[in-house]
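Report on the structure given below.
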Amino acid sequence: MKMLRSMALVLTIITASACNETKKETLSETVSEEKIEFKKEKEMNILFVLTSHDQLGDTGKKTGFWVEEFANPYYTLLDKGANITIATPKGGAAPIDPSSDSPDAATDATDRFNNDAVAKERIANTTKLSGINPDDFDAVFYPGGHGPLWDLANDKTSIALIEKFNSQEKPIALVCHAPAALKSVKDSNGNPIVKGKKVTGFTNTEEAAVQLTDIVPFLVEDMLRENGAIYSKKEDWAAYAIQDGNLITGQNPASSALVADKLLESLK
């Protein structure tokens with residue numbers, strides 16, 4: 001009799017243990033499903049806005065967007081699962097600044113772009129900016145190059161788009177010459193969006209170094225200061241990016257990775 005009772009007790013313990021394991025597995029599966037659902041909710045939709053302008057003043061030389069400033073953030077965000085839409089004021093092909101496609105400007109990101117048929121196809125067939133709905137995106141990123149000084153600085157659609165992103169407190173990231181796009185952008189109080197904000201952008205001395213001070217319509221550093229920004233910089237060509245609220249800016253091409261990292265962090 002004692003033996004039967006002992007066996008019954010062992011069976012009871014085994015059954016209880018098995019039930020607990022089953023509950024643990026069920027709970028684990030539920031948690032796993034919740035994690036998967038959470039990842040889906042964190043899907044990132046990023047708008048890249050590039051210049052359509054390809055003429056470097058009256059020099060007869062070509063300009064456009066700077067490849068590194070597009071490629072590094074593009075792949076940084078793409079590799080993290082972001083859905084990226086590329087737009088320009090005119091739509092169609094976005095012009096590449098020839099100087100940014102030269103061997104001395106090459107980086108791992110530009111090499112990857114030059115071997116990426118899909119990315120090249122997307123650059124050749126950008127969406128027209130006027131057809132973009134800011135509500136469809138979590139953030140906007142503006143690569144530089146000299147082109148934005150001529151078109152994005154004055155483009156009413158771009159200005160309205162940035163103002164909408166700002167009113168929604170969504171990240172707005174710009175690098176090198178791209179802060180030119182902020183020139184006429186206002187905040188909700190009608191002040192320049194950069195007034196009282198910590199920002200950076202292509203420096204006057206960097207512009208002098210590439211001998212384009214007298215060619216460009218305005219200097220990025222001067223414009224930001226005149227609009228009341230708290231402008232800061234590092235030595236010429238050093239990587240430097242700064243964030244103030246939802247506004248993220250980078251000084252030069254070497255700063256594109258820092259801007260991308262700050263943008264990514266803002267979306268977590």
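Residues in the structure tokens are named by chain (A, B, ... in the order shown) and by number from 1 within that chain; ligands are numbered from 1 in the order shown.
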
Contact table stretch 109-138 of chain A vs stretch 157-162 of chain A, cut-off 10 Å, shortest pair per residue, only C-alpha atoms, as CSV:
residue,atom,partner,partner_atom,distance
A:Leu129,CA,A:Thr157,CA,7.0
A:Ser130,CA,A:Thr157,CA,6.1
A:Gly131,CA,A:Thr157,CA,9.6
A:Ile132,CA,A:Leu161,CA,8.6
A:Asn133,CA,A:Leu161,CA,8.3
A:Pro134,CA,A:Leu161,CA,6.4
A:Asp135,CA,A:Leu161,CA,9.8

Leaving out stretch 198-215 of chain A and any residue of its chain fewer than 5 positions from it, which residues lie within 8 Å of it when counting only C-alpha atoms, given as a JSON list (two decimals) with all heavy atoms, in the first residue's frame?
[["chain", "number", "residue", "atom", "x", "y", "z"],
["A", 56, "LEU", "N", 26.31, 74.68, -61.52],
["A", 56, "LEU", "CA", 27.09, 75.37, -60.50],
["A", 56, "LEU", "C", 27.22, 76.84, -60.87],
["A", 56, "LEU", "O", 28.22, 77.30, -61.42],
["A", 56, "LEU", "CB", 28.47, 74.72, -60.37],
["A", 56, "LEU", "CG", 29.31, 75.14, -59.15],
["A", 56, "LEU", "CD1", 28.59, 74.80, -57.85],
["A", 56, "LEU", "CD2", 30.66, 74.42, -59.19],
["A", 57, "GLY", "N", 26.16, 77.58, -60.61],
["A", 57, "GLY", "CA", 26.13, 79.01, -60.96],
["A", 57, "GLY", "C", 26.30, 79.22, -62.44],
["A", 57, "GLY", "O", 25.69, 78.52, -63.26],
["A", 58, "ASP", "N", 27.15, 80.16, -62.80],
["A", 58, "ASP", "CA", 27.42, 80.46, -64.21],
["A", 58, "ASP", "C", 28.76, 79.90, -64.67],
["A", 58, "ASP", "O", 29.30, 80.32, -65.70],
["A", 58, "ASP", "CB", 27.43, 81.99, -64.42],
["A", 58, "ASP", "CG", 26.08, 82.61, -64.10],
["A", 58, "ASP", "OD1", 25.05, 81.96, -64.38],
["A", 58, "ASP", "OD2", 26.06, 83.74, -63.56],
["A", 59, "THR", "N", 29.26, 78.93, -63.92],
["A", 59, "THR", "CA", 30.59, 78.39, -64.24],
["A", 59, "THR", "C", 30.58, 77.43, -65.42],
["A", 59, "THR", "O", 31.62, 77.12, -65.99],
["A", 59, "THR", "CB", 31.17, 77.64, -63.03],
["A", 59, "THR", "OG1", 30.32, 76.50, -62.75],
["A", 59, "THR", "CG2", 31.22, 78.53, -61.81],
["A", 175, "VAL", "N", 22.57, 67.48, -43.80],
["A", 175, "VAL", "CA", 24.03, 67.43, -43.67],
["A", 175, "VAL", "C", 24.70, 68.32, -44.71],
["A", 175, "VAL", "O", 24.23, 68.46, -45.84],
["A", 175, "VAL", "CB", 24.54, 65.98, -43.76],
["A", 175, "VAL", "CG1", 24.28, 65.40, -45.15],
["A", 175, "VAL", "CG2", 26.01, 65.88, -43.41],
["A", 176, "CYS", "N", 25.80, 68.94, -44.29],
["A", 176, "CYS", "CA", 26.68, 69.72, -45.16],
["A", 176, "CYS", "C", 25.98, 70.97, -45.73],
["A", 176, "CYS", "O", 25.67, 71.89, -45.00],
["A", 176, "CYS", "CB", 27.23, 68.84, -46.27],
["A", 176, "CYS", "SG", 28.69, 69.52, -47.08],
["A", 177, "HIS", "N", 25.69, 71.02, -47.03],
["A", 177, "HIS", "CA", 24.99, 72.16, -47.62],
["A", 177, "HIS", "C", 23.48, 72.05, -47.49],
["A", 177, "HIS", "O", 22.77, 73.03, -47.74],
["A", 177, "HIS", "CB", 25.35, 72.29, -49.11],
["A", 177, "HIS", "CG", 26.72, 72.83, -49.37],
["A", 177, "HIS", "ND1", 27.83, 72.02, -49.48],
["A", 177, "HIS", "CD2", 27.17, 74.11, -49.53],
["A", 177, "HIS", "CE1", 28.90, 72.76, -49.73],
["A", 177, "HIS", "NE2", 28.53, 74.03, -49.76],
["A", 178, "ALA", "N", 22.99, 70.90, -47.10],
["A", 178, "ALA", "CA", 21.54, 70.70, -47.03],
["A", 178, "ALA", "C", 20.83, 71.61, -46.04],
["A", 178, "ALA", "O", 19.65, 71.93, -46.26],
["A", 178, "ALA", "CB", 21.23, 69.24, -46.72],
["A", 179, "PRO", "N", 21.48, 72.07, -44.94],
["A", 179, "PRO", "CA", 20.78, 73.04, -44.08],
["A", 179, "PRO", "C", 20.34, 74.30, -44.83],
["A", 179, "PRO", "O", 19.54, 75.08, -44.29],
["A", 179, "PRO", "CB", 21.83, 73.36, -43.00],
["A", 179, "PRO", "CG", 22.59, 72.08, -42.86],
["A", 179, "PRO", "CD", 22.73, 71.59, -44.29],
["A", 220, "VAL", "N", 26.26, 78.85, -46.18],
["A", 220, "VAL", "CA", 25.40, 78.15, -45.22],
["A", 220, "VAL", "C", 25.64, 78.67, -43.80],
["A", 220, "VAL", "O", 24.68, 78.96, -43.06],
["A", 220, "VAL", "CB", 25.64, 76.62, -45.28],
["A", 220, "VAL", "CG1", 24.87, 75.92, -44.15],
["A", 220, "VAL", "CG2", 25.22, 76.08, -46.64],
["A", 221, "GLU", "N", 26.90, 78.78, -43.41],
["A", 221, "GLU", "CA", 27.21, 79.25, -42.05],
["A", 221, "GLU", "C", 26.63, 80.65, -41.81],
["A", 221, "GLU", "O", 25.99, 80.89, -40.77],
["A", 221, "GLU", "CB", 28.72, 79.27, -41.83],
["A", 221, "GLU", "CG", 29.12, 79.79, -40.45],
["A", 221, "GLU", "CD", 30.62, 79.84, -40.22],
["A", 221, "GLU", "OE1", 31.37, 79.15, -40.96],
["A", 221, "GLU", "OE2", 31.05, 80.57, -39.31],
["A", 222, "ASP", "N", 26.84, 81.55, -42.76],
["A", 222, "ASP", "CA", 26.32, 82.91, -42.60],
["A", 222, "ASP", "C", 24.80, 82.92, -42.50],
["A", 222, "ASP", "O", 24.22, 83.64, -41.66],
["A", 222, "ASP", "CB", 26.75, 83.77, -43.78],
["A", 222, "ASP", "CG", 28.21, 84.21, -43.70],
["A", 222, "ASP", "OD1", 28.85, 83.94, -42.65],
["A", 222, "ASP", "OD2", 28.70, 84.79, -44.68],
["A", 224, "LEU", "N", 22.73, 80.57, -41.47],
["A", 224, "LEU", "CA", 22.25, 80.02, -40.20],
["A", 224, "LEU", "C", 22.43, 81.04, -39.07],
["A", 224, "LEU", "O", 21.53, 81.23, -38.24],
["A", 224, "LEU", "CB", 22.99, 78.73, -39.88],
["A", 224, "LEU", "CG", 22.68, 77.55, -40.82],
["A", 224, "LEU", "CD1", 23.63, 76.38, -40.54],
["A", 224, "LEU", "CD2", 21.22, 77.10, -40.66],
["A", 229, "ALA", "N", 20.47, 81.20, -35.45],
["A", 229, "ALA", "CA", 20.89, 79.88, -34.96],
["A", 229, "ALA", "C", 22.10, 80.01, -34.04],
["A", 229, "ALA", "O", 22.89, 80.96, -34.14],
["A", 229, "ALA", "CB", 21.25, 78.97, -36.13],
["A", 230, "ILE", "N", 22.23, 79.05, -33.14],
["A", 230, "ILE", "CA", 23.43, 78.93, -32.31],
["A", 230, "ILE", "C", 24.35, 77.99, -33.08],
["A", 230, "ILE", "O", 24.32, 76.77, -32.92],
["A", 230, "ILE", "CB", 23.08, 78.36, -30.93],
["A", 230, "ILE", "CG1", 22.04, 79.24, -30.23],
["A", 230, "ILE", "CG2", 24.33, 78.27, -30.06],
["A", 230, "ILE", "CD1", 21.46, 78.64, -28.97],
["A", 231, "TYR", "N", 25.14, 78.59, -33.96],
["A", 231, "TYR", "CA", 25.98, 77.82, -34.89],
["A", 231, "TYR", "C", 27.29, 77.40, -34.23],
["A", 231, "TYR", "O", 27.93, 78.19, -33.55],
["A", 231, "TYR", "CB", 26.26, 78.64, -36.15],
["A", 231, "TYR", "CG", 27.11, 77.92, -37.17],
["A", 231, "TYR", "CD1", 26.53, 77.13, -38.15],
["A", 231, "TYR", "CD2", 28.51, 78.03, -37.14],
["A", 231, "TYR", "CE1", 27.31, 76.47, -39.09],
["A", 231, "TYR", "CE2", 29.30, 77.37, -38.08],
["A", 231, "TYR", "CZ", 28.69, 76.59, -39.04],
["A", 231, "TYR", "OH", 29.46, 75.93, -39.96],
["A", 232, "SER", "N", 27.67, 76.14, -34.46],
["A", 232, "SER", "CA", 28.97, 75.66, -33.98],
["A", 232, "SER", "C", 29.60, 74.78, -35.04],
["A", 232, "SER", "O", 28.91, 74.28, -35.94],
["A", 232, "SER", "CB", 28.82, 74.89, -32.65],
["A", 232, "SER", "OG", 27.99, 73.76, -32.82],
["A", 233, "LYS", "N", 30.90, 74.57, -34.92],
["A", 233, "LYS", "CA", 31.62, 73.78, -35.92],
["A", 233, "LYS", "C", 32.90, 73.24, -35.30],
["A", 233, "LYS", "O", 33.35, 73.68, -34.24],
["A", 233, "LYS", "CB", 31.96, 74.63, -37.13],
["A", 233, "LYS", "CG", 32.81, 75.86, -36.80],
["A", 233, "LYS", "CD", 33.03, 76.75, -38.02],
["A", 233, "LYS", "CE", 33.82, 78.01, -37.63],
["A", 233, "LYS", "NZ", 34.04, 78.89, -38.79],
["A", 236, "ASP", "N", 37.95, 72.35, -40.14],
["A", 236, "ASP", "CA", 37.51, 71.99, -41.49],
["A", 236, "ASP", "C", 37.67, 70.50, -41.76],
["A", 236, "ASP", "O", 38.71, 69.91, -41.44],
["A", 236, "ASP", "CB", 38.31, 72.78, -42.53],
["A", 236, "ASP", "CG", 37.92, 74.24, -42.56],
["A", 236, "ASP", "OD1", 36.99, 74.63, -41.81],
["A", 236, "ASP", "OD2", 38.54, 75.01, -43.33],
["A", 237, "TRP", "N", 36.61, 69.92, -42.32],
["A", 237, "TRP", "CA", 36.55, 68.53, -42.78],
["A", 237, "TRP", "C", 36.46, 67.50, -41.64],
["A", 237, "TRP", "O", 36.44, 66.31, -41.88],
["A", 237, "TRP", "CB", 37.72, 68.18, -43.71],
["A", 237, "TRP", "CG", 37.97, 69.26, -44.71],
["A", 237, "TRP", "CD1", 39.09, 70.04, -44.83],
["A", 237, "TRP", "CD2", 37.06, 69.74, -45.71],
["A", 237, "TRP", "NE1", 38.94, 70.95, -45.84],
["A", 237, "TRP", "CE2", 37.70, 70.80, -46.40],
["A", 237, "TRP", "CE3", 35.77, 69.39, -46.10],
["A", 237, "TRP", "CZ2", 37.10, 71.50, -47.45],
["A", 237, "TRP", "CZ3", 35.17, 70.08, -47.14],
["A", 237, "TRP", "CH2", 35.84, 71.12, -47.80],
["A", 241, "ALA", "N", 28.37, 66.45, -35.86],
["A", 241, "ALA", "CA", 26.92, 66.54, -35.98],
["A", 241, "ALA", "C", 26.35, 66.95, -34.64],
["A", 241, "ALA", "O", 26.92, 66.65, -33.58],
["A", 241, "ALA", "CB", 26.32, 65.21, -36.43],
["A", 242, "ILE", "N", 25.24, 67.65, -34.68],
["A", 242, "ILE", "CA", 24.61, 68.13, -33.46],
["A", 242, "ILE", "C", 23.10, 67.99, -33.57],
["A", 242, "ILE", "O", 22.54, 68.12, -34.67],
["A", 242, "ILE", "CB", 25.03, 69.60, -33.18],
["A", 242, "ILE", "CG1", 24.56, 70.03, -31.79],
["A", 242, "ILE", "CG2", 24.51, 70.53, -34.26],
["A", 242, "ILE", "CD1", 25.19, 71.34, -31.35],
["A", 243, "GLN", "N", 22.47, 67.70, -32.44],
["A", 243, "GLN", "CA", 21.01, 67.57, -32.41],
["A", 243, "GLN", "C", 20.44, 68.52, -31.38],
["A", 243, "GLN", "O", 20.94, 68.64, -30.27],
["A", 243, "GLN", "CB", 20.61, 66.14, -32.07],
["A", 243, "GLN", "CG", 19.09, 65.92, -32.03],
["A", 243, "GLN", "CD", 18.70, 64.47, -31.93],
["A", 243, "GLN", "OE1", 19.57, 63.59, -31.88],
["A", 243, "GLN", "NE2", 17.41, 64.19, -31.90],
["A", 244, "ASP", "N", 19.38, 69.22, -31.77],
["A", 244, "ASP", "CA", 18.65, 70.08, -30.85],
["A", 244, "ASP", "C", 17.17, 69.80, -31.07],
["A", 244, "ASP", "O", 16.58, 70.20, -32.07],
["A", 244, "ASP", "CB", 18.98, 71.55, -31.13],
["A", 244, "ASP", "CG", 18.45, 72.48, -30.04],
["A", 244, "ASP", "OD1", 17.52, 72.07, -29.31],
["A", 244, "ASP", "OD2", 18.98, 73.60, -29.89],
["A", 247, "LEU", "N", 15.71, 68.55, -34.56],
["A", 247, "LEU", "CA", 16.56, 69.04, -35.65],
["A", 247, "LEU", "C", 17.98, 68.48, -35.52],
["A", 247, "LEU", "O", 18.64, 68.66, -34.50],
["A", 247, "LEU", "CB", 16.60, 70.56, -35.62],
["A", 247, "LEU", "CG", 17.18, 71.29, -36.84],
["A", 247, "LEU", "CD1", 16.38, 70.95, -38.10],
["A", 247, "LEU", "CD2", 17.17, 72.80, -36.60],
["A", 248, "ILE", "N", 18.43, 67.79, -36.58],
["A", 248, "ILE", "CA", 19.75, 67.15, -36.60],
["A", 248, "ILE", "C", 20.52, 67.70, -37.79],
["A", 248, "ILE", "O", 20.04, 67.67, -38.92],
["A", 248, "ILE", "CB", 19.61, 65.62, -36.73],
["A", 248, "ILE", "CG1", 18.75, 65.05, -35.61],
["A", 248, "ILE", "CG2", 20.99, 64.95, -36.74],
["A", 248, "ILE", "CD1", 18.31, 63.61, -35.85],
["A", 249, "THR", "N", 21.73, 68.21, -37.53],
["A", 249, "THR", "CA", 22.53, 68.77, -38.62],
["A", 249, "THR", "C", 23.97, 68.27, -38.55],
["A", 249, "THR", "O", 24.50, 68.00, -37.48],
["A", 249, "THR", "CB", 22.53, 70.32, -38.57],
["A", 249, "THR", "OG1", 22.84, 70.75, -37.23],
["A", 249, "THR", "CG2", 21.17, 70.87, -38.96],
["A", 250, "GLY", "N", 24.60, 68.16, -39.73],
["A", 250, "GLY", "CA", 25.98, 67.73, -39.83],
["A", 250, "GLY", "C", 26.79, 68.74, -40.62],
["A", 250, "GLY", "O", 26.26, 69.41, -41.51],
["A", 251, "GLN", "N", 28.08, 68.84, -40.31],
["A", 251, "GLN", "CA", 28.92, 69.90, -40.87],
["A", 251, "GLN", "C", 29.33, 69.69, -42.31],
["A", 251, "GLN", "O", 29.37, 70.65, -43.09],
["A", 251, "GLN", "CB", 30.17, 70.07, -39.99],
["A", 251, "GLN", "CG", 31.13, 71.16, -40.46],
["A", 251, "GLN", "CD", 32.30, 71.34, -39.52],
["A", 251, "GLN", "OE1", 32.13, 71.31, -38.32],
["A", 251, "GLN", "NE2", 33.50, 71.52, -40.08],
["A", 252, "ASN", "N", 29.67, 68.48, -42.71],
["A", 252, "ASN", "CA", 30.30, 68.24, -44.01],
["A", 252, "ASN", "C", 30.11, 66.77, -44.42],
["A", 252, "ASN", "O", 29.48, 66.01, -43.68],
["A", 252, "ASN", "CB", 31.79, 68.60, -43.94],
["A", 252, "ASN", "CG", 32.44, 68.00, -42.70],
["A", 252, "ASN", "OD1", 32.10, 66.90, -42.30],
["A", 252, "ASN", "ND2", 33.36, 68.72, -42.09]]

Using only C-alpha atoms: which of A:Ser266, A:Thr107, A:Ser100, A:Thr85 has the shortest distance to A:Lys128:
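Once distances to A:Lys128 are computed over only C-alpha atoms, the minimum belongs to A:Thr85.
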
Of A:Pro98, A:Gly147, A:Gly60, A:Pro73, the one nearest to A:Ser255 when counting only C-alpha atoms is A:Pro73

If you run DSSP on the backbone here, which positions in stretch 48-208 of chain A get strand (DSSP E)? Please write them as a list in words.
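Of stretch 48-208 of chain A, only Phe48, Val49, Asn83, Ile84, Thr85, Ile86, Ala87, Thr88, Thr127, Lys128, Ala139, Val140, Phe141, Tyr142, Ile172, Ala173, Leu174, Val175, Lys198 and Val199 of chain A fall in strand (DSSP E).
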
Could you write out the selected residues, including C-alpha atoms, as a PDB file, in the first residue's frame?
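What ended up in selection_0.pdb:
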ATOM      1  CA  PHE A  48      14.980  61.420 -48.471  1.00  0.00           C
ATOM      2  CA  VAL A  49      14.808  64.778 -50.266  1.00  0.00           C
ATOM      3  CA  ASN A  83      11.400  51.927 -45.853  1.00  0.00           C
ATOM      4  CA  ILE A  84      12.960  54.778 -47.829  1.00  0.00           C
ATOM      5  CA  THR A  85      11.280  57.039 -50.373  1.00  0.00           C
ATOM      6  CA  ILE A  86      13.442  59.365 -52.471  1.00  0.00           C
ATOM      7  CA  ALA A  87      11.993  62.638 -53.744  1.00  0.00           C
ATOM      8  CA  THR A  88      13.216  65.739 -55.577  1.00  0.00           C
ATOM      9  CA  THR A 127       9.254  60.897 -56.788  1.00  0.00           C
ATOM     10  CA  LYS A 128       8.153  64.482 -57.375  1.00  0.00           C
ATOM     11  CA  ALA A 139      11.337  61.418 -40.479  1.00  0.00           C
ATOM     12  CA  VAL A 140      12.936  63.340 -43.324  1.00  0.00           C
ATOM     13  CA  PHE A 141      16.578  63.462 -44.370  1.00  0.00           C
ATOM     14  CA  TYR A 142      18.257  65.980 -46.692  1.00  0.00           C
ATOM     15  CA  ILE A 172      14.453  66.537 -39.532  1.00  0.00           C
ATOM     16  CA  ALA A 173      18.041  65.718 -40.526  1.00  0.00           C
ATOM     17  CA  LEU A 174      20.306  67.625 -42.886  1.00  0.00           C
ATOM     18  CA  VAL A 175      24.027  67.434 -43.667  1.00  0.00           C
ATOM     19  CA  LYS A 198      22.047  74.535 -31.914  1.00  0.00           C
ATOM     20  CA  VAL A 199      22.993  73.702 -35.491  1.00  0.00           C
TER      21      VAL A 199
END

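The spacing separating atom CA of A:Ala94 from atom CA of A:Leu77 amounts to 19.7 Å.
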
Using only C-alpha atoms, pick whichever of A:Asn246, A:Thr63, A:Thr76, A:Asn227 has the shortest atom-to-atom distance to A:Lys195.
A:Asn227

Nearby residues (only C-alpha atoms) at most 8 Å from A:Leu149, same-chain spacing under 5 positions excluded, as a PyMOL selection string
chain A and resi 177-178+180-181+216-218

Measuring between only C-alpha atoms, which one of A:His146, A:Arg122, A:Arg225, A:Lys268 shows the shortest distance to A:Gly91?
A:Arg122

Within stretch 135-221 of chain A, find each residue whose DSSP state, derived from the backbone, is helix (DSSP H, G or I), and express the selection as an MDAnalysis selection string.
chainID A and resid 135:136 147:149 156:167 178:182 204:209 220:221

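With only C-alpha atoms as the basis for measurement, A:Ala82 is the residue among A:Ala257, A:Ala119, A:Ala82, A:Ala93 that approaches A:Leu47 most closely.
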
One decimal, Å: what's the distance from atom CA of A:Ile96 over to atom CA of A:Ile46, could you say?
20.6 Å

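Among A:Asp54, A:Glu163, A:Glu68, A:Asp261, the residue with the shortest atom-to-atom distance to A:Trp150, counting only C-alpha atoms, is A:Asp54.
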